[in-house]
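Note: the block below is my_file_16.pdb and it holds PDB, C-alpha atoms and all ligand atoms.
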```
ATOM      1  CA  MET A1316       3.257  -4.621 -17.197
ATOM      2  CA  THR A1317       1.242  -6.827 -19.470
ATOM      3  CA  ALA A1318      -0.508  -9.819 -17.898
ATOM      4  CA  ARG A1319      -2.069 -10.179 -14.463
ATOM      5  CA  ILE A1320      -2.009 -13.209 -12.211
ATOM      6  CA  ASN A1321      -5.299 -14.401 -10.772
ATOM      7  CA  ALA A1322      -4.133 -17.813  -9.568
ATOM      8  CA  THR A1323      -5.046 -18.942  -6.073
ATOM      9  CA  VAL A1324      -4.421 -21.936  -3.878
ATOM     10  CA  THR A1325      -6.864 -24.659  -4.905
ATOM     11  CA  PRO A1326      -9.903 -25.132  -2.647
ATOM     12  CA  GLU A1327      -8.395 -28.461  -1.612
ATOM     13  CA  GLY A1328      -5.383 -26.544  -0.354
ATOM     14  CA  ARG A1329      -3.050 -28.144  -2.869
ATOM     15  CA  ALA A1330       0.284 -26.489  -3.449
ATOM     16  CA  PRO A1331       0.049 -23.764  -6.091
ATOM     17  CA  ARG A1332       1.752 -24.307  -9.409
ATOM     18  CA  LEU A1333       3.137 -20.769  -9.257
ATOM     19  CA  ALA A1334       6.280 -20.024  -7.252
ATOM     20  CA  ALA A1335       6.229 -18.395  -3.811
ATOM     21  CA  GLY A1336       5.547 -14.662  -4.131
ATOM     22  CA  ARG A1337       3.770 -15.127  -7.485
ATOM     23  CA  PHE A1338       0.220 -15.951  -6.436
ATOM     24  CA  CYS A1339      -2.609 -14.520  -4.348
ATOM     25  CA  PRO A1340      -3.512 -16.786  -1.411
ATOM     26  CA  VAL A1341      -7.242 -17.516  -1.555
ATOM     27  CA  ASP A1342      -7.784 -15.828   1.822
ATOM     28  CA  TYR A1343      -6.634 -12.532   0.306
ATOM     29  CA  ARG A1344      -9.863 -12.272  -1.683
ATOM     30  CA  TYR A1345     -13.060 -10.424  -0.781
ATOM     31  CA  ASP A1346     -16.212  -9.458  -2.602
ATOM     32  CA  PRO A1347     -16.519  -5.740  -3.491
ATOM     33  CA  SER A1348     -19.946  -5.733  -1.828
ATOM     34  CA  VAL A1349     -18.120  -5.718   1.560
ATOM     35  CA  PHE A1350     -17.593  -1.973   1.080
ATOM     36  CA  ARG A1351     -21.339  -1.292   1.175
ATOM     37  CA  ARG A1352     -21.433  -0.758   4.943
ATOM     38  CA  ALA A1353     -21.470   1.987   7.552
ATOM     39  CA  PRO A1354     -18.143   3.807   7.824
ATOM     40  CA  ASP A1355     -15.484   2.540  10.231
ATOM     41  CA  ILE A1356     -13.919   6.013  10.379
ATOM     42  CA  VAL A1357     -15.565   9.450  10.159
ATOM     43  CA  ALA A1358     -13.128  12.366   9.979
ATOM     44  CA  PRO A1359     -12.810  15.799   8.368
ATOM     45  CA  ALA A1360      -9.439  14.740   6.936
ATOM     46  CA  LEU A1361      -7.394  11.565   6.522
ATOM     47  CA  VAL A1362      -3.855  10.892   5.487
ATOM     48  CA  VAL A1363      -3.589   7.354   4.133
ATOM     49  CA  ALA A1364      -0.067   5.980   4.042
ATOM     50  CA  GLY A1365       0.741   2.594   2.536
ATOM     51  CA  GLY A1366       4.145   1.135   1.858
ATOM     52  CA  LEU A1367       5.915   2.713   4.805
ATOM     53  CA  TYR A1368       8.338  -0.235   4.566
ATOM     54  CA  GLY A1369       9.750   0.252   8.054
ATOM     55  CA  ASN A1370      10.909   3.793   7.307
ATOM     56  CA  GLY A1371      10.795   5.442  10.737
ATOM     57  CA  GLN A1372      11.793   8.810   9.310
ATOM     58  CA  ALA A1373       8.778   8.682   6.969
ATOM     59  CA  LEU A1374       6.597   7.965   9.999
ATOM     60  CA  ASP A1375       8.206  11.012  11.698
ATOM     61  CA  ALA A1376       7.173  13.137   8.698
ATOM     62  CA  LEU A1377       3.611  11.783   8.750
ATOM     63  CA  GLU A1378       3.318  12.389  12.485
ATOM     64  CA  ALA A1379       4.579  15.955  12.005
ATOM     65  CA  ARG A1380       1.781  16.500   9.459
ATOM     66  CA  VAL A1381      -0.797  15.129  11.903
ATOM     67  CA  LYS A1382       0.547  17.374  14.670
ATOM     68  CA  ALA A1383       0.501  20.457  12.441
ATOM     69  CA  GLU A1384      -3.074  19.936  11.347
ATOM     70  CA  ARG A1385      -5.761  19.354  13.958
ATOM     71  CA  HIS A1386      -8.355  16.619  13.260
ATOM     72  CA  LEU A1387      -6.192  14.845  10.669
ATOM     73  CA  ALA A1388      -6.397  11.055  11.088
ATOM     74  CA  LEU A1389      -3.439   8.917   9.999
ATOM     75  CA  VAL A1390      -4.470   5.542   8.546
ATOM     76  CA  LEU A1391      -1.860   2.957   7.549
ATOM     77  CA  ASN A1392      -3.006   0.834   4.624
ATOM     78  CA  GLY A1393      -0.466  -1.932   4.829
ATOM     79  CA  ASP A1394       3.163  -2.958   4.314
ATOM     80  CA  ALA A1395       4.231  -0.736   7.202
ATOM     81  CA  HIS A1396       7.123  -3.119   7.940
ATOM     82  CA  TRP A1397       9.692  -4.248   5.368
ATOM     83  CA  PHE A1398      13.225  -2.919   5.687
ATOM     84  CA  ASP A1399      13.149  -2.913   9.511
ATOM     85  CA  ALA A1400      14.653  -6.386   9.782
ATOM     86  CA  THR A1401      16.790  -5.984  12.907
ATOM     87  CA  PRO A1402      15.322  -6.685  16.363
ATOM     88  CA  ASP A1403      15.840  -3.106  17.546
ATOM     89  CA  TRP A1404      14.479  -1.397  14.423
ATOM     90  CA  PHE A1405      11.532  -3.784  14.086
ATOM     91  CA  GLY A1406      10.641  -3.380  17.772
ATOM     92  CA  ARG A1407      10.707   0.420  17.577
ATOM     93  CA  MET A1408       8.496   0.434  14.486
ATOM     94  CA  GLU A1409       6.019  -2.071  15.895
ATOM     95  CA  ALA A1410       5.578   0.003  19.077
ATOM     96  CA  ARG A1411       4.844   3.131  17.027
ATOM     97  CA  LEU A1412       2.636   1.516  14.385
ATOM     98  CA  ALA A1413       0.275  -0.004  16.946
ATOM     99  CA  ALA A1414      -1.059   3.486  17.753
ATOM    100  CA  TYR A1415      -2.826   3.969  14.393
ATOM    101  CA  PRO A1416      -5.827   2.500  12.596
ATOM    102  CA  ALA A1417      -4.363   0.141  10.044
ATOM    103  CA  LEU A1418      -4.980  -2.549   7.455
ATOM    104  CA  ARG A1419      -2.848  -5.596   7.045
ATOM    105  CA  GLY A1420      -0.991  -5.623   3.763
ATOM    106  CA  ASN A1421       0.565  -8.769   2.381
ATOM    107  CA  VAL A1422       3.631  -8.112   4.548
ATOM    108  CA  GLU A1423       1.650  -8.066   7.822
ATOM    109  CA  THR A1424      -0.487 -10.999   6.678
ATOM    110  CA  GLU A1425       2.467 -13.211   5.819
ATOM    111  CA  ILE A1426       4.403 -12.203   8.960
ATOM    112  CA  ALA A1427       1.369 -13.229  11.006
ATOM    113  CA  ARG A1428       0.602 -16.467   9.176
ATOM    114  CA  ALA A1429       1.301 -19.378  11.514
ATOM    115  CA  GLY A1430       2.357 -21.827   8.827
ATOM    116  CA  ASP A1431       4.028 -20.941   5.536
ATOM    117  CA  ILE A1432       1.587 -21.953   2.754
ATOM    118  CA  GLY A1433       4.141 -21.085   0.102
ATOM    119  CA  ALA A1434       2.880 -17.556  -0.507
ATOM    120  CA  GLY A1435       6.340 -16.128   0.227
ATOM    121  CA  CYS A1436       6.015 -12.368   0.596
ATOM    122  CA  GLY A1437       2.405 -12.506  -0.647
ATOM    123  CA  CYS A1438       3.140  -9.802  -3.196
ATOM    124  CA  ALA A1439       1.483 -11.691  -6.090
ATOM    125  CA  TYR A1440       4.052 -10.162  -8.417
ATOM    126  CA  PRO A1441       3.018 -10.018 -12.095
ATOM    127  CA  PRO A1442       5.054 -12.027 -14.653
ATOM    128  CA  ASP A1443       7.069  -9.004 -15.789
ATOM    129  CA  VAL A1444       8.678  -8.648 -12.340
ATOM    130  CA  ASP A1445      12.089 -10.338 -12.379
ATOM    131  CA  SER A1446      12.306 -13.650 -10.497
ATOM    132  CA  GLY A1447      15.358 -12.391  -8.581
ATOM    133  CA  VAL A1448      13.203  -9.603  -7.090
ATOM    134  CA  VAL A1449      10.568 -12.146  -6.057
ATOM    135  CA  GLU A1450      13.124 -14.517  -4.477
ATOM    136  CA  ARG A1451      14.797 -11.656  -2.579
ATOM    137  CA  SER A1452      11.396 -10.437  -1.310
ATOM    138  CA  ASN A1453      10.683 -13.917   0.028
ATOM    139  CA  ILE A1454      14.001 -13.828   1.952
ATOM    140  CA  ILE A1455      13.165 -10.376   3.412
ATOM    141  CA  LEU A1456       9.762 -11.659   4.530
ATOM    142  CA  ALA A1457      11.343 -14.686   6.214
ATOM    143  CA  ARG A1458      13.628 -12.372   8.190
ATOM    144  CA  LEU A1459      10.684 -10.220   9.285
ATOM    145  CA  ARG A1460       8.763 -13.296  10.388
ATOM    146  CA  ASP A1461      11.782 -14.170  12.515
ATOM    147  CA  MET A1462      11.776 -10.649  14.046
ATOM    148  CA  ALA A1463       8.078 -10.957  14.913
ATOM    149  CA  GLY A1464       8.693 -14.392  16.389
ATOM    150  CA  HIS A1465      10.911 -12.755  18.997
ATOM    151  CA  LEU A1466       8.507  -9.905  19.797
ATOM    152  CA  PRO A1467       5.538 -11.136  21.855
ATOM    153  CA  GLY A1468       2.177  -9.985  20.523
ATOM    154  CA  ALA A1469       3.463  -8.589  17.224
ATOM    155  CA  ALA A1470       2.237 -11.362  14.925
ATOM    156  CA  THR A1471      -1.102 -11.516  16.748
ATOM    157  CA  ARG A1472      -1.602  -7.759  16.384
ATOM    158  CA  MET A1473      -0.836  -7.843  12.683
ATOM    159  CA  GLY A1474      -2.958 -10.911  11.998
ATOM    160  CA  ALA A1475      -5.981  -9.269  13.642
ATOM    161  CA  LEU A1476      -5.893  -6.178  11.408
ATOM    162  CA  PRO A1477      -8.695  -5.847   8.836
ATOM    163  CA  MET A1478      -8.185  -6.192   5.069
ATOM    164  CA  HIS A1479     -10.235  -3.047   4.292
ATOM    165  CA  LEU A1480     -11.783  -0.002   5.948
ATOM    166  CA  VAL A1481     -14.569   2.380   4.956
ATOM    167  CA  ALA A1482     -14.218   6.045   5.851
ATOM    168  CA  GLN A1483     -16.540   9.008   5.491
ATOM    169  CA  VAL A1484     -15.071  12.430   4.772
ATOM    170  CA  GLY A1485     -17.809  14.993   4.222
ATOM    171  CA  ASP A1486     -20.168  13.524   1.622
ATOM    172  CA  ALA A1487     -17.546  11.192   0.165
ATOM    173  CA  ARG A1488     -17.365   7.487   0.991
ATOM    174  CA  ILE A1489     -13.800   6.219   0.932
ATOM    175  CA  GLY A1490     -12.776   2.578   0.495
ATOM    176  CA  ILE A1491      -9.334   2.044   2.002
ATOM    177  CA  VAL A1492      -7.559  -1.033   0.645
ATOM    178  CA  HIS A1493      -4.047  -2.405   0.314
ATOM    179  CA  GLY A1494      -4.254  -3.893  -3.195
ATOM    180  CA  ASP A1495      -7.555  -3.370  -4.973
ATOM    181  CA  ALA A1496     -11.321  -3.772  -4.495
ATOM    182  CA  TRP A1497     -11.123  -7.550  -5.011
ATOM    183  CA  SER A1498      -7.937  -8.696  -3.261
ATOM    184  CA  LEU A1499      -5.521  -7.645  -0.549
ATOM    185  CA  ALA A1500      -2.628  -8.033  -2.989
ATOM    186  CA  GLY A1501      -4.485  -7.280  -6.230
ATOM    187  CA  TRP A1502      -2.773  -5.223  -8.925
ATOM    188  CA  ASP A1503      -5.910  -3.823 -10.615
ATOM    189  CA  PHE A1504      -5.247  -0.376  -9.079
ATOM    190  CA  ALA A1505      -1.746  -0.182 -10.571
ATOM    191  CA  HIS A1506      -1.292   2.847 -12.855
ATOM    192  CA  ASP A1507      -1.112   0.795 -16.043
ATOM    193  CA  ALA A1508      -3.989  -1.507 -15.087
ATOM    194  CA  LEU A1509      -6.132   1.589 -14.431
ATOM    195  CA  ASP A1510      -5.203   2.953 -17.852
ATOM    196  CA  ALA A1511      -6.273  -0.344 -19.430
ATOM    197  CA  THR A1512      -9.582  -0.783 -17.600
ATOM    198  CA  THR A1513     -12.997   0.363 -18.784
ATOM    199  CA  ASP A1514     -15.507   2.914 -17.525
ATOM    200  CA  GLU A1515     -18.091   0.114 -17.595
ATOM    201  CA  ARG A1516     -16.137  -2.051 -15.126
ATOM    202  CA  MET A1517     -15.564   0.913 -12.814
ATOM    203  CA  ARG A1518     -19.237   1.984 -13.041
ATOM    204  CA  LEU A1519     -20.197  -1.515 -11.904
ATOM    205  CA  LEU A1520     -17.658  -1.334  -9.061
ATOM    206  CA  GLN A1521     -19.082   2.007  -7.901
ATOM    207  CA  GLU A1522     -22.640   0.695  -8.010
ATOM    208  CA  THR A1523     -21.695  -2.459  -6.092
ATOM    209  CA  THR A1524     -19.723  -0.691  -3.374
ATOM    210  CA  GLY A1525     -21.308   2.748  -3.020
ATOM    211  CA  ILE A1526     -17.715   3.996  -2.745
ATOM    212  CA  ASP A1527     -16.689   7.343  -4.278
ATOM    213  CA  VAL A1528     -12.919   7.046  -3.781
ATOM    214  CA  PHE A1529     -10.680   4.007  -3.349
ATOM    215  CA  ALA A1530      -7.334   4.718  -1.651
ATOM    216  CA  SER A1531      -4.840   1.927  -2.391
ATOM    217  CA  THR A1532      -1.112   1.192  -2.354
ATOM    218  CA  HIS A1533       0.855  -2.121  -2.809
ATOM    219  CA  THR A1534       2.051  -1.653  -6.399
ATOM    220  CA  CYS A1535       4.780   0.764  -5.268
ATOM    221  CA  LEU A1536       3.983   3.286  -8.028
ATOM    222  CA  PRO A1537       1.405   6.071  -7.583
ATOM    223  CA  ALA A1538      -1.637   6.890  -9.712
ATOM    224  CA  LEU A1539      -4.736   9.074  -9.603
ATOM    225  CA  ARG A1540      -7.511   8.255 -12.080
ATOM    226  CA  ARG A1541     -11.200   9.130 -12.461
ATOM    227  CA  PHE A1542     -13.867   6.997 -14.117
ATOM    228  CA  ASP A1543     -17.485   7.203 -15.252
ATOM    229  CA  ASP A1544     -17.592  11.017 -15.447
ATOM    230  CA  GLY A1545     -15.954  11.338 -12.031
ATOM    231  CA  ARG A1546     -18.302   9.043 -10.142
ATOM    232  CA  LEU A1547     -15.393   6.802  -9.084
ATOM    233  CA  THR A1548     -11.871   7.950  -8.232
ATOM    234  CA  ILE A1549      -8.909   5.671  -7.562
ATOM    235  CA  ILE A1550      -5.819   7.044  -5.820
ATOM    236  CA  ASN A1551      -2.774   4.849  -5.231
ATOM    237  CA  ASN A1552      -0.092   6.452  -3.048
ATOM    238  CA  GLY A1553       2.749   4.276  -4.363
ATOM    239  CA  ALA A1554       5.070   4.180  -1.359
ATOM    240  CA  ALA A1555       5.173   6.395   1.742
ATOM    241  CA  GLY A1556       8.593   5.058   2.706
ATOM    242  CA  MET A1557      10.451   5.135  -0.623
ATOM    243  CA  PRO A1558      10.803   7.669  -3.452
ATOM    244  CA  ASN A1559       8.177   7.443  -6.208
ATOM    245  CA  PHE A1560       9.533   9.671  -8.974
ATOM    246  CA  THR A1561      12.801   9.767 -10.897
ATOM    247  CA  GLY A1562      15.439  11.906  -9.200
ATOM    248  CA  THR A1563      13.466  12.459  -5.977
ATOM    249  CA  ARG A1564      13.921  11.290  -2.398
ATOM    250  CA  PHE A1565      10.502  11.714  -0.800
ATOM    251  CA  GLY A1566       7.670   9.290  -0.163
ATOM    252  CA  LEU A1567       4.040   9.884  -1.034
ATOM    253  CA  ALA A1568       0.777   9.650   0.922
ATOM    254  CA  THR A1569      -2.863  10.247   0.056
ATOM    255  CA  ARG A1570      -4.667  13.069   1.813
ATOM    256  CA  ILE A1571      -8.459  13.246   1.679
ATOM    257  CA  GLY A1572      -9.976  16.278   3.371
ATOM    258  CA  LEU A1573     -12.652  18.932   3.464
ATOM    259  CA  THR A1574      -9.928  21.527   2.982
ATOM    260  CA  PRO A1575      -7.010  21.250   0.525
ATOM    261  CA  ALA A1576      -3.418  20.488   1.566
ATOM    262  CA  PRO A1577      -1.022  23.401   0.993
ATOM    263  CA  ASP A1578       1.658  21.083  -0.397
ATOM    264  CA  ALA A1579      -0.373  18.772  -2.651
ATOM    265  CA  LEU A1580       1.472  17.585  -5.758
ATOM    266  CA  TYR A1581      -1.754  16.815  -7.624
ATOM    267  CA  GLY A1582      -5.359  16.089  -6.792
ATOM    268  CA  VAL A1583      -9.034  16.149  -7.696
ATOM    269  CA  THR A1584     -12.237  17.155  -5.906
ATOM    270  CA  VAL A1585     -14.927  14.544  -5.219
ATOM    271  CA  LYS A1586     -18.286  15.730  -3.793
ATOM    272  CA  GLY A1587     -16.480  18.804  -2.463
ATOM    273  CA  VAL A1588     -13.742  16.710  -0.819
ATOM    274  CA  HIS A1589     -10.097  17.175  -1.810
ATOM    275  CA  VAL A1590      -8.341  13.955  -2.838
ATOM    276  CA  GLU A1591      -4.634  14.675  -3.149
ATOM    277  CA  ALA A1592      -1.145  13.222  -3.262
ATOM    278  CA  VAL A1593       1.092  14.813  -0.628
ATOM    279  CA  PRO A1594       4.849  14.399  -0.153
ATOM    280  CA  VAL A1595       6.313  12.484   2.791
ATOM    281  CA  ALA A1596       9.563  14.451   3.068
ATOM    282  CA  TYR A1597      11.555  12.132   5.288
ATOM    283  CA  ASP A1598      15.145  12.509   6.529
ATOM    284  CA  ALA A1599      16.796  10.514   3.739
ATOM    285  CA  ALA A1600      20.280  10.471   5.289
ATOM    286  CA  ALA A1601      18.976   9.067   8.575
ATOM    287  CA  PHE A1602      16.927   6.440   6.725
ATOM    288  CA  ASP A1603      19.968   5.476   4.635
ATOM    289  CA  ALA A1604      21.902   4.860   7.864
ATOM    290  CA  ASP A1605      19.133   2.591   9.231
ATOM    291  CA  PHE A1606      18.909   0.738   5.914
ATOM    292  CA  ALA A1607      22.681   0.122   5.876
ATOM    293  CA  THR A1608      22.581  -1.466   9.328
ATOM    294  CA  ALA A1609      20.035  -4.082   8.216
ATOM    295  CA  TRP A1610      20.856  -4.455   4.540
ATOM    296  CA  PRO A1611      24.532  -3.916   3.607
ATOM    297  CA  GLU A1612      25.834  -4.217   0.067
ATOM    298  CA  GLY A1613      25.316  -7.747  -1.223
ATOM    299  CA  SER A1614      22.152  -8.311   0.842
ATOM    300  CA  PRO A1615      18.764  -9.063  -0.783
ATOM    301  CA  ALA A1616      17.118  -5.708   0.037
ATOM    302  CA  HIS A1617      20.211  -3.799  -1.076
ATOM    303  CA  ALA A1618      20.146  -5.583  -4.428
ATOM    304  CA  SER A1619      16.445  -4.899  -4.962
ATOM    305  CA  TYR A1620      15.986  -1.427  -3.493
ATOM    306  CA  ALA A1621      19.208   0.579  -2.977
ATOM    307  CA  GLY A1622      18.958   2.167  -6.428
ATOM    308  CA  ARG A1623      15.369   3.249  -5.968
ATOM    309  CA  ILE A1624      16.023   4.554  -2.441
ATOM    310  CA  ALA A1625      18.912   6.703  -3.711
ATOM    311  CA  LYS A1626      17.491   7.946  -7.016
ATOM    312  CA  GLY A1627      13.822   7.038  -7.269
ATOM    313  CA  PRO A1628      12.195   4.679  -9.784
ATOM    314  CA  THR A1629      11.890   5.277 -13.530
ATOM    315  CA  PHE A1630       8.528   6.982 -13.147
ATOM    316  CA  THR A1631       7.319  10.557 -13.498
ATOM    317  CA  LEU A1632       4.791  12.850 -11.891
ATOM    318  CA  ALA A1633       3.004  13.049 -15.269
ATOM    319  CA  GLN A1634       2.462   9.266 -15.236
ATOM    320  CA  ALA A1635       0.901   9.437 -11.780
ATOM    321  CA  MET A1636      -1.361  12.442 -12.425
ATOM    322  CA  PRO A1637      -4.832  12.209 -13.958
ATOM    323  CA  HIS A1638      -4.615  12.060 -17.757
TER     324      HIS A1638
HETATM  325 FE    FE B   1       1.931  -4.935  -0.668
END
```

Written as structure tokens, that's how I'd like the structure from this file.
Ligand SMILES: [Fe+2]
Amino acid sequence: MTARINATVTPEGRAPRLAAGRFCPVDYRYDPSVFRRAPDIVAPALVVAGGLYGNGQALDALEARVKAERHLALVLNGDAHWFDATPDWFGRMEARLAAYPALRGNVETEIARAGDIGAGCGCAYPPDVDSGVVERSNIILARLRDMAGHLPGAATRMGALPMHLVAQVGDARIGIVHGDAWSLAGWDFAHDALDATTDERMRLLQETTGIDVFASTHTCLPALRRFDDGRLTIINNGAAGMPNFTGTRFGLATRIGLTPAPDALYGVTVKGVHVEAVPVAYDAAAFDADFATAWPEGSPAHASYAGRIAKGPTFTLAQAMPH
């Protein structure tokens, strides 16, 4: 990825010059100083799962982890719905998701939005993402909005979710976001953007927020990076509900805890707290069957995602790990 989009709707509310799905609605933005507050969540361990994408089997795997480990809090950091675009599947997911502390990602925000302002899926895709992908995402979002329209209370629940949370695990302050520290759908915590940023910018972000670790998602590819001699750590879980590495079929979540996870793929320690990427080993065959019911061959989601669901993206563990 090369360039980033920072366009917004004009203050006058004029139509954006960028196509639907290409820009950040102005109400997606927040000032990093919002993170300088008392924690919303205090727990000895968290598992932060973004990009569940309606994968009920991935939620099964996350719930099994929570059950196996006492005092582990599951936090959903957005885009929990996506592929679940049949009334039955969407309804089942919505009933389960409502039980957990959650953020609204761009998917929840655009499902909940009363009038379409032309944001499409709200993904704010960078220019190097193919326009076919963007157009298909907008169609998927329209179907989800239709599902929510037939499920009383769903859009209201999603629209009321916060855009960010602050958690305290031991001595570490955790900023939980969907995109980045500036916008709900920001791409500044994408692996390549993190590799291109400066220690100076991240030092300023740490000083402004008082946050030690940001846990993000949204970009669909994972990354763990440290800045300013370890004073700020960014961990992006990629997707909990889709594979993240070439040739694999498991999702990924972020675990932050006083004790380490036995199955961590990689991680760092921040103020004595373990910040790790853990696998979400979902039942891939069962998920494939659900996916096929909603998105058969020739459908928008099949065109965009079937390859990744079956074989993973062109991305390696080495690219995600600190380097
Ligand atoms: Fe997203």

Once 5 Å is added on each side, what are the centre and the three edge lengths, in Å to one decimal, of the axis-aligned box enclosing the listed atoms of range 1398-1414 of chain A? Present them as lines of an AutoDock Vina configuration file.
```
center_x = 7.9
center_y = -1.6
center_z = 12.4
size_x = 27.8
size_y = 20.2
size_z = 23.4
```

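Shortest atom-to-atom contact with ligand FE 1 (chain B) among A:His1386, A:Arg1518, A:Arg1451, A:His1493: A:His1493, counting all atoms listed in the file.
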
Take the PyMOL selection byres (((chain A and resi 1390) around 9) and not hetatm), apply it to the structure above, and return the hits as a ChimeraX atom specification. /A:1361-1365,1388-1389,1391-1392,1415-1418,1491

Within 9 Å of His1638 in chain A, counting all atoms listed in the file, which residues qualify if same-chain residues fewer than 5 places away don't, as a compact mmCIF listing (two decimals) with C-alpha atoms, in the coordinates of the input?
```
# COMPACT_ATOMS: atom_id res chain seq x y z
CA LEU A 1539 -4.74 9.07 -9.60
CA ARG A 1540 -7.51 8.26 -12.08
CA ARG A 1541 -11.20 9.13 -12.46
CA ALA A 1633 3.00 13.05 -15.27
```

Check which residues fall inside 9 Å of ligand FE 1 (chain B) when counting all atoms listed in the file, and print them as a tab-separated table (two decimals) with C-alpha atoms, keeping the file's coordinate frame.
```
chain	number	residue	atom	x	y	z
A	1365	GLY	CA	0.74	2.59	2.54
A	1366	GLY	CA	4.14	1.14	1.86
A	1393	GLY	CA	-0.47	-1.93	4.83
A	1394	ASP	CA	3.16	-2.96	4.31
A	1420	GLY	CA	-0.99	-5.62	3.76
A	1421	ASN	CA	0.56	-8.77	2.38
A	1422	VAL	CA	3.63	-8.11	4.55
A	1436	CYS	CA	6.02	-12.37	0.60
A	1437	GLY	CA	2.40	-12.51	-0.65
A	1438	CYS	CA	3.14	-9.80	-3.20
A	1439	ALA	CA	1.48	-11.69	-6.09
A	1493	HIS	CA	-4.05	-2.40	0.31
A	1494	GLY	CA	-4.25	-3.89	-3.20
A	1499	LEU	CA	-5.52	-7.64	-0.55
A	1500	ALA	CA	-2.63	-8.03	-2.99
A	1501	GLY	CA	-4.49	-7.28	-6.23
A	1532	THR	CA	-1.11	1.19	-2.35
A	1533	HIS	CA	0.86	-2.12	-2.81
A	1534	THR	CA	2.05	-1.65	-6.40
A	1535	CYS	CA	4.78	0.76	-5.27
```
